[in-house]
>>> print(open('my_file_6.cif').read())   # mmCIF, C-alpha atoms
data_query
#
loop_
_atom_site.group_PDB
_atom_site.id
_atom_site.type_symbol
_atom_site.label_atom_id
_atom_site.label_comp_id
_atom_site.auth_asym_id
_atom_site.auth_seq_id
_atom_site.Cartn_x
_atom_site.Cartn_y
_atom_site.Cartn_z
ATOM 1 C CA MET A 114 0.000 0.000 0.000
ATOM 2 C CA VAL A 115 2.824 2.393 0.844
ATOM 3 C CA SER A 116 4.625 1.850 -2.461
ATOM 4 C CA THR A 117 1.427 2.413 -4.538
ATOM 5 C CA VAL A 118 0.706 5.736 -2.929
ATOM 6 C CA GLY A 119 4.284 6.887 -3.456
ATOM 7 C CA GLU A 120 4.304 6.316 -7.263
ATOM 8 C CA SER A 121 1.014 8.174 -8.066
ATOM 9 C CA PRO A 122 2.375 11.755 -8.149
ATOM 10 C CA LYS A 123 5.096 10.743 -10.563
ATOM 11 C CA LEU A 124 2.578 9.302 -13.028
ATOM 12 C CA GLU A 125 0.398 12.412 -12.924
ATOM 13 C CA HIS A 126 3.399 14.656 -13.527
ATOM 14 C CA LYS A 127 4.448 12.586 -16.592
ATOM 15 C CA GLY A 128 0.915 12.854 -18.075
ATOM 16 C CA TYR A 129 0.913 16.592 -17.588
ATOM 17 C CA ASN A 130 4.211 16.906 -19.465
ATOM 18 C CA ARG A 131 2.803 14.995 -22.457
ATOM 19 C CA GLY A 132 -0.005 17.629 -22.796
ATOM 20 C CA LEU A 133 2.373 20.574 -23.297
ATOM 21 C CA ILE A 134 2.850 22.193 -26.809
ATOM 22 C CA LEU A 135 5.286 25.100 -26.814
ATOM 23 C CA GLY A 136 4.548 25.671 -23.166
ATOM 24 C CA LEU A 137 0.774 25.350 -23.595
ATOM 25 C CA THR A 138 -1.540 22.573 -22.760
ATOM 26 C CA MET A 139 -3.555 20.801 -25.445
ATOM 27 C CA ALA A 140 -6.700 22.747 -24.527
ATOM 28 C CA GLU A 141 -4.878 26.057 -24.666
ATOM 29 C CA SER A 142 -3.425 25.155 -28.084
ATOM 30 C CA MET A 143 -6.872 24.384 -29.464
ATOM 31 C CA LEU A 144 -8.197 27.714 -28.189
ATOM 32 C CA LEU A 145 -5.300 29.548 -29.885
ATOM 33 C CA LEU A 146 -5.997 27.784 -33.203
ATOM 34 C CA VAL A 147 -9.697 28.657 -33.062
ATOM 35 C CA PHE A 148 -8.816 32.292 -32.329
ATOM 36 C CA CYS A 149 -6.524 32.465 -35.395
ATOM 37 C CA LEU A 150 -9.238 31.002 -37.620
ATOM 38 C CA LEU A 151 -11.688 33.582 -36.336
ATOM 39 C CA LEU A 152 -9.254 36.389 -37.192
ATOM 40 C CA VAL A 153 -8.834 35.058 -40.771
ATOM 41 C CA ALA A 154 -12.600 34.708 -41.203
ATOM 42 C CA ALA A 155 -13.156 38.250 -39.922
ATOM 43 C CA ALA A 156 -10.609 39.618 -42.403
ATOM 44 C CA MET A 157 -12.269 37.782 -45.308
ATOM 45 C CA ILE A 158 -15.727 38.996 -44.286
ATOM 46 C CA THR A 159 -14.468 42.576 -44.039
ATOM 47 C CA ALA A 160 -12.909 42.428 -47.533
ATOM 48 C CA GLU A 161 -16.055 40.900 -49.043
ATOM 49 C CA ARG A 162 -18.226 43.570 -47.380
ATOM 50 C CA LYS A 163 -15.975 46.318 -48.804
ATOM 51 C CA GLN A 164 -16.238 44.892 -52.333
ATOM 52 C CA ARG A 165 -20.022 44.658 -52.013
ATOM 53 C CA LEU A 166 -20.263 48.269 -50.863
ATOM 54 C CA ASP A 167 -18.037 49.429 -53.749
ATOM 55 C CA ALA A 168 -20.228 47.543 -56.236
ATOM 56 C CA GLU A 169 -23.372 49.072 -54.773
ATOM 57 C CA ARG A 170 -21.928 52.586 -55.009
ATOM 58 C CA ARG A 171 -20.908 51.944 -58.648
ATOM 59 C CA LEU A 172 -24.399 50.689 -59.436
ATOM 60 C CA VAL A 173 -25.925 53.818 -57.972
ATOM 61 C CA GLN A 174 -23.599 55.978 -60.092
ATOM 62 C CA LEU A 175 -24.511 54.087 -63.271
ATOM 63 C CA GLU A 176 -28.211 54.394 -62.538
ATOM 64 C CA GLU A 177 -27.792 58.126 -62.022
ATOM 65 C CA GLN A 178 -25.910 58.463 -65.339
ATOM 66 C CA ASN A 179 -28.621 56.454 -67.083
ATOM 67 C CA ARG A 180 -31.312 58.786 -65.727
ATOM 68 C CA GLU A 181 -29.364 61.844 -66.876
ATOM 69 C CA LEU A 182 -28.853 60.431 -70.387
ATOM 70 C CA SER A 183 -32.517 59.487 -70.637
ATOM 71 C CA ALA A 184 -33.510 63.001 -69.646
ATOM 72 C CA GLN A 185 -31.161 64.475 -72.240
ATOM 73 C CA LEU A 186 -32.597 62.180 -74.944
ATOM 74 C CA VAL A 187 -36.159 63.203 -74.109
ATOM 75 C CA GLU A 188 -35.139 66.860 -74.176
ATOM 76 C CA MET A 189 -33.425 66.478 -77.575
ATOM 77 C CA GLN A 190 -36.439 64.670 -79.023
ATOM 78 C CA SER A 191 -38.760 67.402 -77.825
ATOM 79 C CA LYS A 192 -36.499 70.091 -79.285
ATOM 80 C CA LEU A 193 -36.329 68.227 -82.604
ATOM 81 C CA GLY A 194 -40.109 67.986 -82.732
ATOM 82 C CA THR A 195 -40.541 71.691 -82.071
ATOM 83 C CA THR A 196 -37.835 72.960 -84.451
ATOM 84 C CA LEU A 197 -38.888 70.892 -87.497
ATOM 85 C CA SER A 198 -41.624 72.297 -89.664
ATOM 86 C CA ALA A 199 -44.372 70.093 -91.019
ATOM 87 C CA ALA A 200 -42.688 69.960 -94.437
ATOM 88 C CA ASP A 201 -39.301 69.120 -92.906
ATOM 89 C CA ARG A 202 -40.872 66.442 -90.750
ATOM 90 C CA ALA A 203 -42.587 64.932 -93.795
ATOM 91 C CA ALA A 204 -39.319 64.968 -95.756
ATOM 92 C CA PHE A 205 -37.508 63.400 -92.820
ATOM 93 C CA GLU A 206 -40.098 60.644 -92.541
ATOM 94 C CA ARG A 207 -39.977 60.006 -96.316
ATOM 95 C CA GLU A 208 -36.166 59.730 -96.313
ATOM 96 C CA TRP A 209 -36.352 57.449 -93.312
ATOM 97 C CA ARG A 210 -38.803 55.141 -95.105
ATOM 98 C CA GLU A 211 -36.513 55.137 -98.148
ATOM 99 C CA LEU A 212 -33.548 54.167 -95.998
ATOM 100 C CA VAL A 213 -35.525 51.353 -94.398
ATOM 101 C CA SER A 214 -36.673 50.155 -97.822
ATOM 102 C CA ALA A 215 -33.112 50.302 -99.183
ATOM 103 C CA ARG A 216 -31.896 48.340 -96.187
ATOM 104 C CA GLN A 217 -34.491 45.661 -96.844
ATOM 105 C CA VAL A 218 -33.394 45.438 -100.494
ATOM 106 C CA ILE A 219 -29.754 45.097 -99.443
ATOM 107 C CA ASP A 220 -30.680 42.342 -96.988
ATOM 108 C CA ARG A 221 -32.496 40.460 -99.768
ATOM 109 C CA LEU A 222 -29.508 40.853 -102.081
ATOM 110 C CA LYS A 223 -27.207 39.525 -99.393
ATOM 111 C CA THR A 224 -29.335 36.393 -99.079
ATOM 112 C CA THR A 225 -28.788 35.797 -102.811
ATOM 113 C CA GLY A 226 -25.029 36.353 -102.549
ATOM 114 C CA VAL A 227 -24.921 39.911 -103.987
ATOM 115 C CA SER A 228 -23.239 42.579 -101.870
ATOM 116 C CA PRO A 229 -23.438 46.398 -102.096
ATOM 117 C CA ASP A 230 -19.856 46.352 -103.410
ATOM 118 C CA ASP A 231 -20.984 44.143 -106.286
ATOM 119 C CA LEU A 232 -23.739 46.642 -107.138
ATOM 120 C CA ALA A 233 -21.230 49.504 -107.088
ATOM 121 C CA LYS A 234 -18.921 47.588 -109.426
ATOM 122 C CA LEU A 235 -21.778 46.816 -111.794
ATOM 123 C CA ALA A 236 -22.743 50.503 -111.842
ATOM 124 C CA ALA A 237 -19.158 51.428 -112.692
ATOM 125 C CA VAL A 238 -19.087 48.845 -115.493
ATOM 126 C CA ALA A 239 -22.371 50.156 -116.915
ATOM 127 C CA LYS A 240 -20.926 53.681 -116.912
ATOM 128 C CA VAL A 241 -17.821 52.586 -118.838
ATOM 129 C CA LEU A 242 -19.936 50.687 -121.377
ATOM 130 C CA ALA A 243 -22.124 53.743 -121.918
ATOM 131 C CA GLU A 244 -19.110 56.029 -122.348
ATOM 132 C CA ASN A 245 -17.707 53.709 -125.043
ATOM 133 C CA ASN A 246 -21.059 53.225 -126.817
ATOM 134 C CA ILE A 247 -21.075 49.497 -126.106
ATOM 135 C CA PRO A 248 -24.580 48.026 -125.801
ATOM 136 C CA ILE A 249 -25.188 46.454 -122.423
ATOM 137 C CA ASP A 250 -26.897 43.426 -123.995
ATOM 138 C CA LYS A 251 -23.815 42.701 -126.139
ATOM 139 C CA ALA A 252 -21.540 43.002 -123.116
ATOM 140 C CA ALA A 253 -23.947 40.781 -121.173
ATOM 141 C CA ASP A 254 -23.673 38.102 -123.877
ATOM 142 C CA GLN A 255 -19.879 38.224 -123.615
ATOM 143 C CA LEU A 256 -20.093 38.001 -119.823
ATOM 144 C CA LYS A 257 -22.437 35.028 -120.096
ATOM 145 C CA LYS A 258 -19.904 33.235 -122.292
ATOM 146 C CA LEU A 259 -17.163 33.927 -119.751
ATOM 147 C CA LEU A 260 -19.286 32.630 -116.892
ATOM 148 C CA GLN A 261 -20.172 29.504 -118.861
ATOM 149 C CA ALA A 262 -16.448 28.943 -119.360
ATOM 150 C CA GLY A 263 -15.940 29.114 -115.612
ATOM 151 C CA ILE A 264 -14.289 32.544 -115.562
ATOM 152 C CA LYS A 265 -15.126 34.970 -112.770
ATOM 153 C CA PRO A 266 -15.292 38.744 -113.355
ATOM 154 C CA HIS A 267 -11.881 40.458 -113.133
ATOM 155 C CA GLU A 268 -10.094 37.110 -113.351
ATOM 156 C CA TRP A 269 -7.128 37.679 -115.661
ATOM 157 C CA PRO A 270 -5.421 34.956 -117.707
ATOM 158 C CA PRO A 271 -2.146 33.825 -116.150
ATOM 159 C CA ILE A 272 1.175 34.812 -117.702
ATOM 160 C CA ILE A 273 3.364 31.877 -118.740
ATOM 161 C CA ASN A 274 6.994 32.684 -117.880
ATOM 162 C CA LEU A 275 9.678 30.594 -119.611
ATOM 163 C CA SER A 276 13.103 31.658 -118.367
ATOM 164 C CA GLU A 277 16.561 30.167 -118.621
ATOM 165 C CA ALA A 278 16.466 29.878 -114.842
ATOM 166 C CA GLY A 279 13.492 27.538 -115.311
ATOM 167 C CA GLY A 280 15.327 25.389 -117.859
ATOM 168 C CA TYR A 281 14.125 27.006 -121.111
ATOM 169 C CA TYR A 282 17.264 27.671 -123.151
ATOM 170 C CA PHE A 283 18.257 29.244 -126.437
ATOM 171 C CA THR A 284 21.647 28.898 -128.031
ATOM 172 C CA SER A 285 23.795 31.711 -126.614
ATOM 173 C CA GLY A 286 23.334 34.980 -128.513
ATOM 174 C CA SER A 287 20.895 33.469 -131.019
ATOM 175 C CA ALA A 288 17.224 32.533 -131.446
ATOM 176 C CA GLU A 289 17.815 28.812 -131.925
ATOM 177 C CA LEU A 290 15.686 26.709 -129.568
ATOM 178 C CA THR A 291 17.197 23.768 -127.741
ATOM 179 C CA PRO A 292 15.438 20.443 -128.553
ATOM 180 C CA ALA A 293 14.093 20.173 -124.990
ATOM 181 C CA PHE A 294 12.609 23.686 -125.133
ATOM 182 C CA GLN A 295 10.960 22.985 -128.488
ATOM 183 C CA THR A 296 9.466 19.724 -127.180
ATOM 184 C CA LYS A 297 7.935 21.452 -124.154
ATOM 185 C CA LEU A 298 6.438 24.145 -126.379
ATOM 186 C CA SER A 299 4.691 21.487 -128.456
ATOM 187 C CA THR A 300 3.433 19.491 -125.463
ATOM 188 C CA SER A 301 2.898 20.790 -121.922
ATOM 189 C CA ILE A 302 3.179 24.501 -122.706
ATOM 190 C CA GLY A 303 0.943 24.199 -125.776
ATOM 191 C CA ASP A 304 -1.640 22.344 -123.666
ATOM 192 C CA GLN A 305 -1.571 25.101 -121.055
ATOM 193 C CA ILE A 306 -2.032 27.835 -123.669
ATOM 194 C CA ALA A 307 -4.903 25.939 -125.319
ATOM 195 C CA ASP A 308 -6.622 25.603 -121.940
ATOM 196 C CA ASN A 309 -6.261 29.356 -121.313
ATOM 197 C CA LEU A 310 -7.714 30.139 -124.751
ATOM 198 C CA ARG A 311 -10.755 28.011 -123.976
ATOM 199 C CA ARG A 312 -11.284 29.095 -120.382
ATOM 200 C CA TYR A 313 -10.917 32.821 -120.999
ATOM 201 C CA GLN A 314 -12.554 32.904 -124.449
ATOM 202 C CA VAL A 315 -9.535 34.678 -125.985
ATOM 203 C CA ASP A 316 -8.029 34.501 -129.453
ATOM 204 C CA VAL A 317 -4.663 36.299 -129.358
ATOM 205 C CA ILE A 318 -1.366 34.860 -128.086
ATOM 206 C CA GLU A 319 1.395 37.375 -127.370
ATOM 207 C CA VAL A 320 4.944 36.014 -127.281
ATOM 208 C CA ILE A 321 7.311 38.534 -125.692
ATOM 209 C CA GLY A 322 11.083 38.121 -125.782
ATOM 210 C CA HIS A 323 13.092 39.518 -122.840
ATOM 211 C CA THR A 324 16.865 39.708 -122.505
ATOM 212 C CA ASP A 325 19.380 40.778 -119.902
ATOM 213 C CA GLU A 326 21.623 43.831 -120.416
ATOM 214 C CA GLN A 327 24.712 42.129 -121.759
ATOM 215 C CA PRO A 328 25.654 43.744 -125.103
ATOM 216 C CA ILE A 329 25.595 41.734 -128.334
ATOM 217 C CA SER A 330 28.989 41.302 -129.969
ATOM 218 C CA ARG A 331 27.592 41.343 -133.519
ATOM 219 C CA THR A 332 27.731 44.788 -135.173
ATOM 220 C CA THR A 333 25.274 44.293 -138.032
ATOM 221 C CA SER A 334 21.739 42.927 -138.102
ATOM 222 C CA ASN A 335 19.787 41.251 -140.899
ATOM 223 C CA LEU A 336 16.394 41.200 -139.160
ATOM 224 C CA ASP A 337 14.867 43.853 -141.403
ATOM 225 C CA LYS A 338 15.598 41.714 -144.470
ATOM 226 C CA THR A 339 14.807 38.267 -143.067
ATOM 227 C CA PHE A 340 12.242 38.265 -140.253
ATOM 228 C CA ILE A 341 9.189 38.330 -142.581
ATOM 229 C CA ASN A 342 10.440 35.230 -144.393
ATOM 230 C CA VAL A 343 11.249 33.527 -141.081
ATOM 231 C CA ILE A 344 7.768 34.213 -139.732
ATOM 232 C CA GLY A 345 6.286 32.903 -142.970
ATOM 233 C CA GLY A 346 8.347 29.726 -142.762
ATOM 234 C CA GLN A 347 10.415 30.351 -145.902
ATOM 235 C CA MET A 348 13.644 30.647 -143.855
ATOM 236 C CA PRO A 349 14.822 28.902 -140.670
ATOM 237 C CA VAL A 350 15.137 30.789 -137.401
ATOM 238 C CA THR A 351 18.903 30.380 -137.496
ATOM 239 C CA THR A 352 18.914 32.874 -140.379
ATOM 240 C CA LEU A 353 18.131 35.705 -137.953
ATOM 241 C CA GLN A 354 21.232 37.621 -136.829
ATOM 242 C CA PRO A 355 20.384 40.387 -134.338
ATOM 243 C CA ALA A 356 22.937 43.039 -133.383
ATOM 244 C CA ASP A 357 21.299 44.290 -130.175
ATOM 245 C CA ASN A 358 19.078 43.082 -127.345
ATOM 246 C CA ALA A 359 15.914 44.459 -128.930
ATOM 247 C CA GLY A 360 16.586 42.378 -132.024
ATOM 248 C CA LEU A 361 17.569 39.327 -129.971
ATOM 249 C CA GLY A 362 14.332 39.506 -127.975
ATOM 250 C CA LEU A 363 12.289 39.734 -131.197
ATOM 251 C CA ALA A 364 14.190 36.899 -132.862
ATOM 252 C CA ARG A 365 13.587 34.585 -129.906
ATOM 253 C CA ALA A 366 9.911 35.548 -129.761
ATOM 254 C CA ILE A 367 9.620 34.675 -133.481
ATOM 255 C CA ALA A 368 11.208 31.277 -132.838
ATOM 256 C CA VAL A 369 8.668 30.453 -130.131
ATOM 257 C CA ALA A 370 5.780 31.903 -132.127
ATOM 258 C CA ASN A 371 6.568 29.667 -135.112
ATOM 259 C CA VAL A 372 6.397 26.567 -132.930
ATOM 260 C CA LEU A 373 3.066 27.661 -131.437
ATOM 261 C CA LYS A 374 1.571 28.475 -134.857
ATOM 262 C CA ALA A 375 2.321 24.938 -135.991
ATOM 263 C CA ASP A 376 0.502 23.417 -133.003
ATOM 264 C CA PRO A 377 -2.953 22.133 -134.081
ATOM 265 C CA LYS A 378 -4.274 22.691 -130.539
ATOM 266 C CA LEU A 379 -3.845 26.449 -131.062
ATOM 267 C CA LYS A 380 -5.483 26.593 -134.480
ATOM 268 C CA GLY A 381 -7.582 29.722 -134.920
ATOM 269 C CA ALA A 382 -5.540 31.878 -132.521
ATOM 270 C CA THR A 383 -3.351 34.741 -133.703
ATOM 271 C CA VAL A 384 0.252 34.505 -132.478
ATOM 272 C CA LEU A 385 2.071 37.843 -132.175
ATOM 273 C CA PRO A 386 5.856 37.893 -131.542
ATOM 274 C CA MET A 387 7.142 40.970 -129.693
ATOM 275 C CA SER A 388 10.319 42.205 -128.034
ATOM 276 C CA ALA A 389 10.748 43.908 -124.681
ATOM 277 C CA ALA A 390 14.541 43.723 -125.022
ATOM 278 C CA GLN A 391 16.246 44.449 -121.693
ATOM 279 C CA LEU A 392 13.747 47.079 -120.581
ATOM 280 C CA VAL A 393 11.462 45.032 -118.281
ATOM 281 C CA MET A 394 12.649 43.138 -115.220
ATOM 282 C CA PRO A 395 10.802 40.047 -113.933
ATOM 283 C CA GLY A 396 7.643 41.158 -112.152
ATOM 284 C CA ASP A 397 6.877 43.897 -114.706
ATOM 285 C CA ILE A 398 9.409 46.322 -113.202
ATOM 286 C CA PRO A 399 11.179 48.770 -115.560
ATOM 287 C CA THR A 400 14.932 48.377 -115.402
ATOM 288 C CA THR A 401 17.139 51.090 -113.964
ATOM 289 C CA GLY A 402 20.301 49.385 -115.176
ATOM 290 C CA GLN A 403 21.336 45.928 -114.084
ATOM 291 C CA ALA A 404 24.232 44.625 -116.123
ATOM 292 C CA GLY A 405 25.544 41.085 -115.919
ATOM 293 C CA ASP A 406 24.615 37.506 -116.702
ATOM 294 C CA VAL A 407 21.102 37.129 -115.216
ATOM 295 C CA LYS A 408 19.265 33.967 -116.306
ATOM 296 C CA GLU A 409 15.923 35.086 -114.848
ATOM 297 C CA ARG A 410 15.913 38.075 -117.209
ATOM 298 C CA ARG A 411 16.484 36.002 -120.346
ATOM 299 C CA ARG A 412 12.956 34.712 -120.738
ATOM 300 C CA ILE A 413 9.896 34.347 -122.933
ATOM 301 C CA GLU A 414 6.542 35.515 -121.584
ATOM 302 C CA ILE A 415 3.358 34.191 -123.157
ATOM 303 C CA ARG A 416 0.186 36.195 -122.573
ATOM 304 C CA VAL A 417 -3.284 35.580 -123.986
ATOM 305 C CA ARG A 418 -5.966 38.193 -124.568
ATOM 306 C CA ARG A 419 -9.068 38.918 -126.564
ATOM 307 C CA ARG A 420 -8.875 40.734 -129.881
ATOM 308 C CA ALA A 421 -9.528 44.437 -129.296
ATOM 309 C CA GLU A 422 -12.483 44.757 -131.679
ATOM 310 C CA SER A 423 -14.390 41.735 -130.357
ATOM 311 C CA LEU A 424 -16.471 43.868 -127.959
ATOM 312 C CA GLN A 425 -17.145 46.689 -130.416
ATOM 313 C CA PRO A 426 -20.795 47.129 -131.584
#
>>> encode(input="my_file_6.cif", output="structure tokens")
Amino acid sequence: MVSTVGESPKLEHKGYNRGLILGLTMAESMLLLVFCLLLVAAAMITAERKQRLDAERRLVQLEEQNRELSAQLVEMQSKLGTTLSAADRAAFEREWRELVSARQVIDRLKTTGVSPDDLAKLAAVAKVLAENNIPIDKAADQLKKLLQAGIKPHEWPPIINLSEAGGYYFTSGSAELTPAFQTKLSTSIGDQIADNLRRYQVDVIEVIGHTDEQPISRTTSNLDKTFINVIGGQMPVTTLQPADNAGLGLARAIAVANVLKADPKLKGATVLPMSAAQLVMPGDIPTTGQAGDVKERRRIEIRVRRRAESLQP
């Protein structure tokens, strides 16, 4: 009995020590934690209340502005009604009805795929036709043919560019075609030109010879005496001997034109050889002087168009 009573205080003291956290008991620690949570909650509630009050004040300001604007609108409407005369008011109402009617027409046109821009373009076209004394019905027939061929308005035929850089060669300084160039003219290029003639309803093929700015070593030219016979097939292209870049461009255009004229796929089209010499850079840019060996500049451009008088009344 004596030993049991003597050990009891020691056990109670050990249990008390296990309840301490940083010098506090477990109960005191829980109270401290609850107090901290209450402080955080109070801060959040205060911030939320401030935001709500700010939003309410902003709403009141907006409502006040809305009332002021409404009052101003009513005042302006009353002034407008008093300042307009009966005739002015009738004119205003008539113009308003016309605007509403025009808007309805535009909406209907939009549902059919026609925009106001299209109408403006058509009006401009009609003006040009009238200024040139071209009947609208004749132009409409031409447009119908283009549409049947799958051509859209303002769609221009593509330009076929055959440059040395693309593998289309002449003998240096002459108009003689390489065999590979001549074969392509009779096959793939001829097919492309024939397709353009059909799609765009055109009948003229322009063959334009371009050169670079390297001078020609020959001092005399025989083009004036020979090019008619070469175009007519009485003389070969190798007969042509140009003495400058203008003549070289023309001679090469004649060589290409002769091959195209012999192509049965292009029968019925007029082939016109021309020379641009060294004057036009690729991209239709006038030269400002660019000497040197430039393959991209030595080229043949093939353009198709409609004969000028085909739209005349």
>>> resolve_selection(input="my_file_6.cif", expression="the PyMOL selection byres ((chain A and resi 339-350) around 10)", output="PDB file with C-alpha atoms, keeping the file's coordinate frame")
ATOM      1  CA  SER A 287      20.895  33.469-131.019  1.00  0.00           C
ATOM      2  CA  ALA A 288      17.224  32.533-131.446  1.00  0.00           C
ATOM      3  CA  GLU A 289      17.815  28.812-131.925  1.00  0.00           C
ATOM      4  CA  LEU A 290      15.686  26.709-129.568  1.00  0.00           C
ATOM      5  CA  SER A 334      21.739  42.927-138.102  1.00  0.00           C
ATOM      6  CA  ASN A 335      19.787  41.251-140.899  1.00  0.00           C
ATOM      7  CA  LEU A 336      16.394  41.200-139.160  1.00  0.00           C
ATOM      8  CA  ASP A 337      14.867  43.853-141.403  1.00  0.00           C
ATOM      9  CA  LYS A 338      15.598  41.714-144.470  1.00  0.00           C
ATOM     10  CA  THR A 351      18.903  30.380-137.496  1.00  0.00           C
ATOM     11  CA  THR A 352      18.914  32.874-140.379  1.00  0.00           C
ATOM     12  CA  LEU A 353      18.131  35.705-137.953  1.00  0.00           C
ATOM     13  CA  GLN A 354      21.232  37.621-136.829  1.00  0.00           C
ATOM     14  CA  LEU A 363      12.289  39.734-131.197  1.00  0.00           C
ATOM     15  CA  ALA A 364      14.190  36.899-132.862  1.00  0.00           C
ATOM     16  CA  ARG A 365      13.587  34.585-129.906  1.00  0.00           C
ATOM     17  CA  ILE A 367       9.620  34.675-133.481  1.00  0.00           C
ATOM     18  CA  ALA A 368      11.208  31.277-132.838  1.00  0.00           C
ATOM     19  CA  VAL A 369       8.668  30.453-130.131  1.00  0.00           C
ATOM     20  CA  ALA A 370       5.780  31.903-132.127  1.00  0.00           C
ATOM     21  CA  ASN A 371       6.568  29.667-135.112  1.00  0.00           C
ATOM     22  CA  LYS A 374       1.571  28.475-134.857  1.00  0.00           C
ATOM     23  CA  PRO A 386       5.856  37.893-131.542  1.00  0.00           C
TER      24      PRO A 386
END
>>> atom_distance(input="my_file_6.cif", atom1="atom CA of Asp357 of chain A", atom2="atom CA of Gly279 of chain A")
23.7 Å
>>> atom_distance(input="my_file_6.cif", atom1="atom CA of Glu409 of chain A", atom2="atom CA of Pro271 of chain A")
18.2 Å
>>> closest_residue(input="my_file_6.cif", among="A:Gln314, A:Thr159, A:Asn358, A:Gln327", to="Arg419 of chain A", atoms="all atoms listed in the file")
A:Gln314
>>> closest_residue(input="my_file_6.cif", among="A:Asn246, A:Gln305, A:Ser299, A:Thr284", to="Arg411 of chain A", atoms="only C-alpha atoms")
A:Thr284
>>> atom_distance(input="my_file_6.cif", atom1="atom CA of Arg418 of chain A", atom2="atom CA of Lys380 of chain A")
15.3 Å
>>> resolve_selection(input="my_file_6.cif", expression="the PyMOL selection byres ((chain A and resi 325) around 12)", output="PyMOL selection string")
chain A and resi 276-277+286+322-324+326-329+357-359+361-362+389-395+400+402-413
>>> resolve_selection(input="my_file_6.cif", expression="the PyMOL selection byres ((chain A and resi 385) around 8)", output="ChimeraX atom specification")
/A:317-320,370,383-384,386-387
>>> closest_residue(input="my_file_6.cif", among="A:Glu181, A:Lys240, A:Gln174, A:Trp269", to="Leu310 of chain A", atoms="only C-alpha atoms")
A:Trp269
>>> residues_around(input="my_file_6.cif", residues="Ser301 of chain A", least_positions_apart="6", cutoff="12 Å", atoms="only C-alpha atoms", output="list in words")
Ile273, Ala293, Phe294, Gln295, Ala307, Asp308, Leu373, Asp376 and Lys378 of chain A
>>> closest_residue(input="my_file_6.cif", among="A:Leu182, A:Val213, A:Val173, A:Val315", to="Leu379 of chain A", atoms="only C-alpha atoms")
A:Val315
>>> build_atoms(input="my_file_6.cif", residues="segment 327-331 of chain A", atoms="all heavy atoms", output="PDB file, keeping the file's coordinate frame")
ATOM      1  N   GLN A 327      23.403  42.378-121.165  1.00  0.00           N
ATOM      2  CA  GLN A 327      24.712  42.129-121.759  1.00  0.00           C
ATOM      3  C   GLN A 327      24.691  42.539-123.238  1.00  0.00           C
ATOM      4  O   GLN A 327      23.768  42.171-123.972  1.00  0.00           O
ATOM      5  CB  GLN A 327      25.071  40.648-121.645  1.00  0.00           C
ATOM      6  CG  GLN A 327      25.226  40.171-120.209  1.00  0.00           C
ATOM      7  CD  GLN A 327      25.680  38.736-120.154  1.00  0.00           C
ATOM      8  OE1 GLN A 327      26.850  38.441-119.941  1.00  0.00           O
ATOM      9  NE2 GLN A 327      24.743  37.827-120.372  1.00  0.00           N
ATOM     10  N   PRO A 328      25.661  43.307-123.699  1.00  0.00           N
ATOM     11  CA  PRO A 328      25.654  43.744-125.103  1.00  0.00           C
ATOM     12  C   PRO A 328      25.909  42.580-126.057  1.00  0.00           C
ATOM     13  O   PRO A 328      26.531  41.573-125.710  1.00  0.00           O
ATOM     14  CB  PRO A 328      26.795  44.767-125.156  1.00  0.00           C
ATOM     15  CG  PRO A 328      27.691  44.401-124.019  1.00  0.00           C
ATOM     16  CD  PRO A 328      26.818  43.837-122.948  1.00  0.00           C
ATOM     17  N   ILE A 329      25.394  42.732-127.285  1.00  0.00           N
ATOM     18  CA  ILE A 329      25.595  41.734-128.334  1.00  0.00           C
ATOM     19  C   ILE A 329      26.889  42.080-129.078  1.00  0.00           C
ATOM     20  O   ILE A 329      27.135  43.236-129.421  1.00  0.00           O
ATOM     21  CB  ILE A 329      24.410  41.722-129.316  1.00  0.00           C
ATOM     22  CG1 ILE A 329      23.097  41.496-128.553  1.00  0.00           C
ATOM     23  CG2 ILE A 329      24.589  40.656-130.385  1.00  0.00           C
ATOM     24  CD1 ILE A 329      23.011  40.184-127.848  1.00  0.00           C
ATOM     25  N   SER A 330      27.686  41.050-129.329  1.00  0.00           N
ATOM     26  CA  SER A 330      28.989  41.302-129.969  1.00  0.00           C
ATOM     27  C   SER A 330      28.857  41.587-131.459  1.00  0.00           C
ATOM     28  O   SER A 330      29.701  42.243-132.059  1.00  0.00           O
ATOM     29  CB  SER A 330      29.911  40.100-129.751  1.00  0.00           C
ATOM     30  OG  SER A 330      29.339  38.917-130.301  1.00  0.00           O
ATOM     31  N   ARG A 331      27.759  41.133-132.082  1.00  0.00           N
ATOM     32  CA  ARG A 331      27.592  41.343-133.519  1.00  0.00           C
ATOM     33  C   ARG A 331      27.307  42.817-133.789  1.00  0.00           C
ATOM     34  O   ARG A 331      26.589  43.487-133.056  1.00  0.00           O
ATOM     35  CB  ARG A 331      26.444  40.470-134.023  1.00  0.00           C
ATOM     36  CG  ARG A 331      26.358  40.386-135.537  1.00  0.00           C
ATOM     37  CD  ARG A 331      25.206  39.470-135.975  1.00  0.00           C
ATOM     38  NE  ARG A 331      25.417  38.090-135.566  1.00  0.00           N
ATOM     39  CZ  ARG A 331      24.761  37.480-134.609  1.00  0.00           C
ATOM     40  NH1 ARG A 331      23.828  38.130-133.933  1.00  0.00           N
ATOM     41  NH2 ARG A 331      25.013  36.224-134.285  1.00  0.00           N
TER      42      ARG A 331
END
